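**Q** Structure supplied as structure-v2.csv; contents: CSV, C-alpha atoms and all ligand atoms.
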chain,number,residue,atom,x,y,z
A,1,MET,CA,100.8,97.5,133.0
A,2,ARG,CA,98.5,95.7,130.6
A,3,ASN,CA,100.4,93.7,127.9
A,4,THR,CA,98.3,93.5,124.7
A,5,VAL,CA,95.3,95.2,123.2
A,6,GLN,CA,93.5,95.2,119.9
A,7,VAL,CA,91.6,98.3,118.8
A,8,THR,CA,89.3,98.4,115.8
A,9,VAL,CA,88.4,101.8,114.4
A,10,PRO,CA,85.9,102.8,111.7
A,11,ALA,CA,86.4,104.8,108.6
A,12,SER,CA,84.5,108.1,108.3
A,13,THR,CA,83.3,110.7,106.0
A,14,ALA,CA,83.7,114.3,107.1
A,15,ASN,CA,81.9,117.6,106.3
A,16,LEU,CA,78.9,116.1,104.5
A,17,GLY,CA,78.9,119.3,102.5
A,18,PRO,CA,78.7,122.5,104.6
A,19,GLY,CA,79.5,120.8,107.9
A,20,PHE,CA,83.1,121.7,107.1
A,21,ASP,CA,85.5,120.5,109.9
A,22,THR,CA,82.5,119.8,112.1
A,23,ILE,CA,80.3,116.8,111.1
A,24,GLY,CA,81.6,113.3,110.7
A,25,MET,CA,79.9,109.9,110.0
A,26,ALA,CA,81.4,106.5,110.8
A,27,PHE,CA,81.1,103.5,108.5
A,28,GLN,CA,81.5,99.7,108.8
A,29,LEU,CA,85.0,99.7,107.2
A,30,TYR,CA,87.8,99.3,109.6
A,31,THR,CA,91.5,99.6,110.6
A,32,THR,CA,92.6,97.1,113.2
A,33,ILE,CA,95.6,97.8,115.4
A,34,ARG,CA,97.2,95.3,117.8
A,35,MET,CA,99.7,96.8,120.3
A,36,THR,CA,101.8,94.6,122.5
A,37,VAL,CA,104.5,95.4,125.0
A,38,SER,CA,107.7,93.8,123.6
A,39,ASP,CA,111.5,93.7,123.9
A,40,ARG,CA,112.1,95.9,120.8
A,41,PRO,CA,110.1,98.4,118.7
A,42,GLU,CA,108.4,96.8,115.7
A,43,VAL,CA,105.7,97.9,113.3
A,44,ILE,CA,104.2,95.2,111.0
A,45,MET,CA,101.6,95.8,108.3
A,46,HIS,CA,99.2,93.2,107.0
A,47,GLY,CA,97.3,93.4,103.7
A,48,ASP,CA,97.6,95.7,100.7
A,49,GLN,CA,96.4,99.0,101.9
A,50,LEU,CA,99.2,100.0,104.3
A,51,HIS,CA,102.3,98.8,102.4
A,52,GLU,CA,103.5,102.4,101.8
A,53,LEU,CA,103.6,103.4,105.4
A,54,PRO,CA,106.7,103.5,107.7
A,55,THR,CA,107.5,100.4,109.7
A,56,ASP,CA,109.5,102.1,112.3
A,57,GLN,CA,108.9,104.4,115.3
A,58,THR,CA,108.0,107.2,112.9
A,59,ASN,CA,104.7,105.4,112.1
A,60,LEU,CA,101.8,107.6,113.2
A,61,VAL,CA,100.4,104.9,115.4
A,62,TYR,CA,103.7,104.5,117.2
A,63,GLN,CA,103.9,108.3,117.6
A,64,MET,CA,100.4,108.2,119.3
A,65,ALA,CA,101.6,105.7,121.9
A,66,GLU,CA,104.7,108.0,122.6
A,67,LEU,CA,102.4,111.0,122.9
A,68,ILE,CA,100.1,109.2,125.5
A,69,PHE,CA,103.0,108.1,127.6
A,70,ASN,CA,104.7,111.5,127.5
A,71,LYS,CA,101.4,113.1,128.6
A,72,ILE,CA,101.1,110.8,131.6
A,73,THR,CA,104.9,111.2,132.3
A,74,ARG,CA,105.6,107.5,132.1
A,75,GLU,CA,108.3,105.8,130.1
A,76,LEU,CA,107.0,104.0,127.0
A,77,PRO,CA,108.2,100.4,126.8
A,78,PRO,CA,109.1,99.0,123.4
A,79,LEU,CA,106.0,98.1,121.4
A,80,ARG,CA,105.2,95.6,118.7
A,81,ILE,CA,102.4,97.2,116.6
A,82,GLU,CA,100.5,95.2,114.0
A,83,MET,CA,98.0,96.7,111.7
A,84,LYS,CA,95.6,95.9,108.9
A,85,SER,CA,93.1,98.0,107.2
A,86,ASP,CA,90.3,98.0,104.6
A,87,ILE,CA,90.3,101.8,104.3
A,88,PRO,CA,91.9,103.2,101.2
A,89,LEU,CA,94.6,105.7,102.2
A,90,THR,CA,94.4,109.4,101.4
A,91,ARG,CA,91.1,109.2,99.7
A,92,GLY,CA,88.8,111.1,102.0
A,93,LEU,CA,87.6,108.2,104.2
A,94,GLY,CA,89.4,109.1,107.4
A,95,SER,CA,92.4,106.8,107.3
A,96,SER,CA,94.6,109.2,109.3
A,97,ALA,CA,91.9,109.5,111.9
A,98,THR,CA,91.8,105.7,112.4
A,99,ALA,CA,95.6,105.7,113.0
A,100,ILE,CA,95.4,108.6,115.4
A,101,VAL,CA,92.4,107.4,117.4
A,102,GLY,CA,93.6,103.7,117.2
A,103,GLY,CA,97.1,104.6,118.5
A,104,LEU,CA,95.8,106.8,121.3
A,105,VAL,CA,93.1,104.4,122.5
A,106,ALA,CA,95.4,101.4,122.4
A,107,ALA,CA,98.2,103.1,124.3
A,108,ASN,CA,95.8,104.6,126.8
A,109,PHE,CA,94.4,101.1,127.4
A,110,LEU,CA,97.9,99.6,128.0
A,111,ALA,CA,98.6,102.4,130.4
A,112,GLY,CA,95.5,101.5,132.5
A,113,GLU,CA,93.2,104.1,130.9
A,114,PRO,CA,94.4,107.3,132.7
A,115,LEU,CA,92.7,109.4,130.0
A,116,SER,CA,88.9,109.7,129.4
A,117,LYS,CA,87.4,109.4,125.9
A,118,GLU,CA,86.8,113.2,126.0
A,119,GLU,CA,90.5,113.8,126.7
A,120,ILE,CA,91.4,111.5,123.8
A,121,LEU,CA,89.0,113.4,121.5
A,122,SER,CA,90.7,116.7,122.4
A,123,ILE,CA,94.2,115.3,121.7
A,124,ALA,CA,93.1,113.7,118.5
A,125,ALA,CA,91.3,116.8,117.2
A,126,GLU,CA,94.3,119.0,118.0
A,127,LEU,CA,96.5,116.6,116.0
A,128,GLU,CA,94.2,116.4,113.0
A,129,GLY,CA,93.5,120.1,113.2
A,130,HIS,CA,89.7,119.4,113.2
A,131,PRO,CA,87.4,117.1,115.1
A,132,ASP,CA,85.1,115.7,112.4
A,133,ASN,CA,86.8,112.4,111.4
A,134,VAL,CA,88.3,111.7,114.8
A,135,GLY,CA,85.0,112.3,116.5
A,136,ALA,CA,83.2,109.8,114.3
A,137,ALA,CA,86.1,107.3,114.5
A,138,LEU,CA,86.1,107.5,118.3
A,139,PHE,CA,82.4,107.5,119.0
A,140,GLY,CA,80.8,106.0,115.9
A,141,GLY,CA,77.4,107.2,114.4
A,142,ILE,CA,77.3,110.8,113.3
A,143,VAL,CA,79.3,113.2,115.4
A,144,VAL,CA,78.9,117.0,115.4
A,145,ALA,CA,81.9,118.6,117.2
A,146,VAL,CA,83.6,121.9,117.5
A,147,MET,CA,87.0,122.9,118.9
A,148,GLU,CA,87.6,125.1,121.9
A,149,GLU,CA,90.9,125.9,123.6
A,150,GLU,CA,91.0,122.9,125.9
A,151,ARG,CA,88.1,120.7,124.9
A,152,VAL,CA,85.9,119.6,122.1
A,153,PRO,CA,82.2,119.9,122.8
A,154,TYR,CA,80.3,117.3,120.7
A,155,LEU,CA,77.0,115.5,120.2
A,156,LYS,CA,76.5,112.0,118.8
A,157,ILE,CA,73.5,111.3,116.5
A,158,SER,CA,72.4,107.8,115.8
A,159,PRO,CA,71.7,107.4,112.1
A,160,ASP,CA,68.6,105.6,110.9
A,161,PRO,CA,69.7,101.9,110.3
A,162,GLN,CA,68.3,102.1,106.7
A,163,LEU,CA,70.6,105.0,105.9
A,164,LYS,CA,73.6,104.0,103.8
A,165,ALA,CA,76.3,105.6,101.7
A,166,LEU,CA,77.6,104.8,98.3
A,167,ALA,CA,81.3,106.0,98.0
A,168,VAL,CA,82.9,106.3,94.6
A,169,ILE,CA,86.7,106.1,95.2
A,170,PRO,CA,88.9,107.4,92.4
A,171,ASP,CA,92.2,105.6,91.7
A,172,PHE,CA,94.3,108.6,92.8
A,173,GLN,CA,95.3,109.9,96.2
A,174,LEU,CA,94.6,113.5,97.3
A,175,SER,CA,96.2,114.5,100.6
A,176,THR,CA,94.2,116.6,103.1
A,177,GLU,CA,97.1,119.0,103.1
A,178,LYS,CA,96.8,119.6,99.3
A,179,ALA,CA,93.0,119.9,99.5
A,180,ARG,CA,93.2,122.5,102.3
A,181,ASN,CA,95.8,124.6,100.5
A,182,VAL,CA,93.2,125.5,97.8
A,183,LEU,CA,90.8,127.0,100.3
A,184,PRO,CA,90.5,130.8,100.6
A,185,GLN,CA,91.5,132.7,103.8
A,186,GLN,CA,88.2,134.6,103.8
A,187,TYR,CA,84.6,134.2,102.7
A,188,SER,CA,82.0,136.7,101.7
A,189,LYS,CA,79.0,137.3,103.9
A,190,GLN,CA,76.8,135.8,101.2
A,191,ASP,CA,78.7,132.5,101.1
A,192,THR,CA,79.0,132.3,104.9
A,193,VAL,CA,75.2,132.7,105.3
A,194,PHE,CA,74.6,130.2,102.5
A,195,SER,CA,76.7,127.6,104.2
A,196,VAL,CA,75.8,128.3,107.9
A,197,GLY,CA,72.1,128.0,107.0
A,198,ARG,CA,72.6,124.7,105.2
A,199,ALA,CA,74.9,123.3,107.9
A,200,SER,CA,72.3,124.1,110.5
A,201,LEU,CA,69.6,122.4,108.3
A,202,LEU,CA,71.9,119.4,107.9
A,203,ALA,CA,72.4,118.9,111.6
A,204,ALA,CA,68.7,119.3,112.3
A,205,GLY,CA,67.8,116.9,109.4
A,206,LEU,CA,70.3,114.2,110.5
A,207,ALA,CA,69.3,114.5,114.2
A,208,SER,CA,65.6,114.2,113.5
A,209,GLY,CA,65.9,111.6,110.7
A,210,GLN,CA,64.2,114.0,108.2
A,211,TYR,CA,66.4,113.1,105.4
A,212,HIS,CA,64.3,114.8,102.7
A,213,VAL,CA,66.2,118.1,103.5
A,214,LEU,CA,69.6,116.6,102.7
A,215,ALA,CA,69.5,117.5,99.0
A,216,SER,CA,69.4,121.2,100.0
A,217,ALA,CA,71.3,120.8,103.3
A,218,MET,CA,74.3,119.2,101.7
A,219,GLN,CA,75.0,122.2,99.4
A,220,ASP,CA,78.1,124.1,100.3
A,221,LYS,CA,80.2,127.1,99.5
A,222,LEU,CA,83.0,126.7,102.1
A,223,HIS,CA,85.2,124.0,100.5
A,224,GLN,CA,83.5,122.0,97.7
A,225,PRO,CA,83.6,124.7,95.0
A,226,TYR,CA,87.3,125.2,95.6
A,227,ARG,CA,88.1,121.5,95.5
A,228,MET,CA,86.3,120.8,92.2
A,229,SER,CA,89.5,121.5,90.2
A,230,LEU,CA,91.2,118.7,92.1
A,231,VAL,CA,88.6,116.1,91.4
A,232,PRO,CA,87.5,115.9,87.7
A,233,GLY,CA,83.9,115.0,87.4
A,234,MET,CA,83.0,116.1,90.9
A,235,GLU,CA,80.5,118.7,89.9
A,236,GLU,CA,78.6,116.3,87.6
A,237,LEU,CA,78.5,113.7,90.4
A,238,LEU,CA,77.2,116.2,93.0
A,239,GLN,CA,74.5,117.4,90.6
A,240,GLY,CA,73.6,114.1,88.9
A,241,VAL,CA,73.1,111.6,91.8
A,242,TYR,CA,69.6,112.8,92.6
A,243,GLU,CA,68.2,111.2,89.4
A,244,TYR,CA,69.4,107.8,90.8
A,245,GLY,CA,67.7,108.0,94.2
A,246,ALA,CA,70.3,109.8,96.3
A,247,LEU,CA,69.1,111.8,99.3
A,248,GLY,CA,72.2,113.9,99.3
A,249,ALA,CA,75.8,114.0,98.1
A,250,ALA,CA,79.1,115.5,99.0
A,251,LEU,CA,82.8,115.4,98.6
A,252,SER,CA,83.9,112.9,101.3
A,253,GLY,CA,86.3,114.7,103.7
A,254,ALA,CA,89.0,116.3,101.7
A,255,GLY,CA,88.3,114.0,98.7
A,256,PRO,CA,88.8,112.6,96.1
A,257,THR,CA,86.0,110.2,97.2
A,258,VAL,CA,82.5,111.4,96.6
A,259,ILE,CA,79.7,109.9,98.7
A,260,ALA,CA,75.9,109.8,98.2
A,261,LEU,CA,73.6,109.0,101.1
A,262,LEU,CA,70.5,107.0,100.3
A,263,HIS,CA,67.9,104.4,101.2
A,264,GLY,CA,67.1,101.4,99.1
A,265,GLU,CA,68.5,100.3,95.7
A,266,ASP,CA,71.9,101.6,94.6
A,267,ASP,CA,73.0,99.6,91.5
A,268,GLU,CA,72.1,102.4,89.0
A,269,LEU,CA,73.6,105.0,91.2
A,270,GLY,CA,76.9,103.2,91.5
A,271,LYS,CA,77.0,102.7,87.7
A,272,PHE,CA,76.3,106.4,87.2
A,273,MET,CA,79.1,107.4,89.6
A,274,GLN,CA,81.7,105.2,88.0
A,275,GLU,CA,80.7,106.1,84.4
A,276,THR,CA,80.9,109.8,85.3
A,277,LEU,CA,84.4,109.5,86.5
A,278,LEU,CA,85.3,107.3,83.5
A,279,LYS,CA,84.2,110.2,81.2
A,280,HIS,CA,87.1,112.0,82.8
A,281,GLU,CA,89.4,109.0,82.3
A,282,ILE,CA,89.4,108.2,86.0
A,283,GLN,CA,89.1,104.6,87.1
A,284,SER,CA,87.2,104.1,90.4
A,285,LYS,CA,85.7,101.6,92.7
A,286,VAL,CA,82.4,101.8,94.4
A,287,LEU,CA,81.8,100.8,98.1
A,288,ARG,CA,78.5,100.4,99.8
A,289,LEU,CA,78.9,101.6,103.3
A,290,LEU,CA,76.7,101.1,106.3
A,291,PRO,CA,76.9,103.3,109.4
A,292,ASP,CA,79.1,102.2,112.2
A,293,ARG,CA,77.4,102.9,115.6
A,294,LEU,CA,80.1,102.0,118.1
A,295,GLY,CA,83.3,103.8,117.1
A,296,ALA,CA,86.7,102.6,118.3
A,297,ARG,CA,86.4,99.3,120.2
A,298,VAL,CA,88.9,97.6,122.5
A,299,GLU,CA,89.5,93.9,122.8
A,300,VAL,CA,91.9,92.2,125.1
A,301,VAL,CA,93.7,89.5,123.0
A,302,ASP,CA,96.7,87.3,123.5
A,303,THR,CA,97.5,85.9,120.0
A,304,PRO,CA,99.3,87.5,117.1
A,305,PHE,CA,97.3,88.5,113.9
A,306,GLU,CA,96.8,85.7,111.5
A,307,THR,CA,98.8,86.4,108.4
A,308,GLU,CA,96.7,86.9,105.3
B,401,LIG,N1,97.2,103.0,109.6
B,401,LIG,C1,98.0,104.0,109.5
B,401,LIG,N2,99.2,104.0,110.1
B,401,LIG,C2,100.0,105.1,109.9
B,401,LIG,N3,99.7,106.2,109.2
B,401,LIG,C3,98.6,106.2,108.6
B,401,LIG,C4,97.7,105.1,108.7
B,401,LIG,N4,96.6,105.5,108.0
B,401,LIG,C5,96.8,106.7,107.5
B,401,LIG,N5,98.0,107.2,107.8
B,401,LIG,C6,98.6,108.5,107.5
B,401,LIG,O1,97.6,109.4,107.1
B,401,LIG,C7,97.8,109.9,105.8
B,401,LIG,C8,96.5,110.1,105.1
B,401,LIG,O2,95.9,111.2,105.7
B,401,LIG,P1,95.0,112.2,104.9
B,401,LIG,O3,94.4,113.1,106.0
B,401,LIG,O4,95.7,112.9,103.8
B,401,LIG,O5,93.9,111.3,104.2
B,401,LIG,P2,92.7,110.5,104.8
B,401,LIG,O6,92.7,110.6,106.3
B,401,LIG,O7,92.7,109.1,104.2
B,401,LIG,O8,91.4,111.3,104.2
B,401,LIG,P3,90.5,112.4,104.9
B,401,LIG,O9,91.2,113.1,106.0
B,401,LIG,O10,90.2,113.4,103.8
B,401,LIG,O11,89.3,111.7,105.3
B,401,LIG,C9,98.6,108.7,105.1
B,401,LIG,O12,99.4,109.2,104.0
B,401,LIG,C10,99.5,108.3,106.3
B,401,LIG,O13,100.6,109.2,106.4
B,402,LIG,N1,87.3,118.5,107.4
B,402,LIG,C1,88.5,118.1,106.7
B,402,LIG,C2,88.4,116.6,106.6
B,402,LIG,C3,89.7,115.9,106.0
B,402,LIG,O1,90.6,115.6,107.0
B,402,LIG,C4,88.7,118.7,105.4
B,402,LIG,O2,87.7,118.7,104.6
B,402,LIG,O3,89.7,119.3,105.1
Can you present the structure in this file as structure tokens?
**A**
Amino acid sequence: MRNTVQVTVPASTANLGPGFDTIGMAFQLYTTIRMTVSDRPEVIMHGDQLHELPTDQTNLVYQMAELIFNKITRELPPLRIEMKSDIPLTRGLGSSATAIVGGLVAANFLAGEPLSKEEILSIAAELEGHPDNVGAALFGGIVVAVMEEERVPYLKISPDPQLKALAVIPDFQLSTEKARNVLPQQYSKQDTVFSVGRASLLAAGLASGQYHVLASAMQDKLHQPYRMSLVPGMEELLQGVYEYGALGAALSGAGPTVIALLHGEDDELGKFMQETLLKHEIQSKVLRLLPDRLGARVEVVDTPFETE
């Protein structure tokens, strides 16, 4: 049995508009998890982002380790799990996917890698309920994935190195559960055709690097219209960013973060995004995010985290 592993997992944006539950893109913003076989269970958080999370075996990352060992019918030894993250929680940047993917990948490594990456993707997608964030977190780049009974067919697209995202992150949390509860059970034929056409154009535009289609391709009638009431200023953001050079814009995952994809200068765009939210009395911070191309990576380490 291997003794210690460190896994670094990227943040991600999901949906990108009409690619609801299907398209995810990974960014250079990370959660790092160190998992060590120990003599007692321990969960230790470093930094500011994770202070509200449980520090016992109910922690999502610990649960992922239990799940892997149950699946391979081996007894899980006590684990010391240390974590740090630069990803804001519950804001639409895939924090839960990093915990799920990081926990699964780390425990699988300690167990000697009995499961393939594809098997890990299936488990992670089933746990999240959709494969978009977990696909991007696991593989990096842009991942288009769908769920079948036993597997998750997917394709990875490498984004143009010049492509970046500006994320405006409101100072309030919005859980995925709450943002899914506002969605309808059924859609009209008109809205379905509107969205399926744009999702197809989006995948084709991203795969071929023809980003001039993004402004049309990122329009959506599956989830964004219903989530506008949860994110004041969202409609103005989605419509106004084009004046400041954005190629496309979307609610990031389940929100409340909104992202704009662009090439080139972003100062004016960032200012516009923050000022728009301020008009609705919402403080925010803007992050410039570059694509992550590698996804979850494993390092064999033998020292504890440095305390910050
Ligand atoms: N490092 C972590 N360790 C344990 N649990 C985590 C960790 N990161 C996130 N979580 C759990 O995931 C929850 C957030 O999940 P949620 O799906 O609501 O938001 P998100 O993943 O940040 O955004 P989105 O899914 O819209 O991109 C947190 O409240 C916490 O319970
Ligand atoms: N596709 C998911 C991403 C958030 O987990 C949603 O929009 O609800």
**Q** Calculated over only C-alpha atoms and all ligand atoms, which of the candidates A:Leu93, A:Leu76, A:Met45, A:Leu110 has the smallest distance to ligand LIG 401 (chain B)?
**A**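 Checking each candidate against ligand LIG 401 (chain B), we get A:Leu93 as the closest.
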**Q** Give me, as a list of chain:residue names, all polymer residues having an atom no more than 10 Å from segment 185-191 of chain A, counting all atoms listed in the file and skipping those fewer than 5 positions away in the same chain.
**A**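 Near segment 185-191 of chain A, the qualifying residues are A:Val196, A:Gly197, A:Asp220, A:Lys221, A:Leu222.
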**Q** Between A:Leu89, A:Ala97, A:Met234, A:Val146, which one has atoms that come closest to Leu278 of chain A, using only C-alpha atoms?
**A** A:Met234
**Q** So how many Å separate atom C8 of ligand LIG 401 (chain B) and atom CA of Ser95 of chain A, to one decimal?
**A**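 Those two atoms sit 5.7 Å apart.
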**Q** So which residues touch segment 98-107 of chain A within 6 Å, counting only C-alpha atoms, skipping near sequence neighbours fewer than 3 positions away, as an mmCIF file with C-alpha atoms, in the frame of the given file?
**A**
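To be explicit, this is the file written out as around23.cif:
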data_model
loop_
_atom_site.group_PDB
_atom_site.id
_atom_site.type_symbol
_atom_site.label_atom_id
_atom_site.label_comp_id
_atom_site.auth_asym_id
_atom_site.auth_seq_id
_atom_site.Cartn_x
_atom_site.Cartn_y
_atom_site.Cartn_z
ATOM 1 C CA VAL A 7 91.600 98.300 118.800
ATOM 2 C CA VAL A 9 88.400 101.800 114.400
ATOM 3 C CA VAL A 61 100.400 104.900 115.400
ATOM 4 C CA MET A 64 100.400 108.200 119.300
ATOM 5 C CA ALA A 65 101.600 105.700 121.900
ATOM 6 C CA SER A 95 92.400 106.800 107.300
ATOM 7 C CA LEU A 110 97.900 99.600 128.000
#
**Q** Is it possible to add N, CA and C atoms to segment 84-99 of chain A and hand it back as a CSV table (one decimal), in the frame of the given file?
**A**
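Below you can see rebuild-v7.csv, which holds the result:
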chain,number,residue,atom,x,y,z
A,84,LYS,N,96.2,96.2,110.2
A,84,LYS,CA,95.6,95.9,108.9
A,84,LYS,C,94.4,96.8,108.7
A,85,SER,N,94.1,97.1,107.4
A,85,SER,CA,93.1,98.0,107.2
A,85,SER,C,92.4,97.8,105.9
A,86,ASP,N,91.1,98.0,105.8
A,86,ASP,CA,90.3,98.0,104.6
A,86,ASP,C,90.0,99.4,104.1
A,87,ILE,N,90.6,100.4,104.7
A,87,ILE,CA,90.3,101.8,104.3
A,87,ILE,C,91.3,102.3,103.3
A,88,PRO,N,90.9,102.7,102.1
A,88,PRO,CA,91.9,103.2,101.2
A,88,PRO,C,92.6,104.5,101.8
A,89,LEU,N,93.9,104.6,101.7
A,89,LEU,CA,94.6,105.7,102.2
A,89,LEU,C,94.4,107.0,101.4
A,90,THR,N,94.3,108.1,102.1
A,90,THR,CA,94.4,109.4,101.4
A,90,THR,C,93.3,109.6,100.3
A,91,ARG,N,92.2,109.1,100.6
A,91,ARG,CA,91.1,109.2,99.7
A,91,ARG,C,89.8,109.9,100.2
A,92,GLY,N,89.9,110.4,101.5
A,92,GLY,CA,88.8,111.1,102.0
A,92,GLY,C,87.9,110.2,102.9
A,93,LEU,N,88.4,109.1,103.4
A,93,LEU,CA,87.6,108.2,104.2
A,93,LEU,C,88.2,108.1,105.6
A,94,GLY,N,89.0,109.1,106.0
A,94,GLY,CA,89.4,109.1,107.4
A,94,GLY,C,90.4,108.1,107.8
A,95,SER,N,91.3,107.8,106.9
A,95,SER,CA,92.4,106.8,107.3
A,95,SER,C,93.3,107.3,108.4
A,96,SER,N,93.7,108.6,108.3
A,96,SER,CA,94.6,109.2,109.3
A,96,SER,C,93.9,109.2,110.7
A,97,ALA,N,92.6,109.5,110.7
A,97,ALA,CA,91.9,109.5,111.9
A,97,ALA,C,91.9,108.1,112.6
A,98,THR,N,91.8,107.1,111.8
A,98,THR,CA,91.8,105.7,112.4
A,98,THR,C,93.2,105.5,113.1
A,99,ALA,N,94.2,105.9,112.4
A,99,ALA,CA,95.6,105.7,113.0
A,99,ALA,C,95.8,106.5,114.3
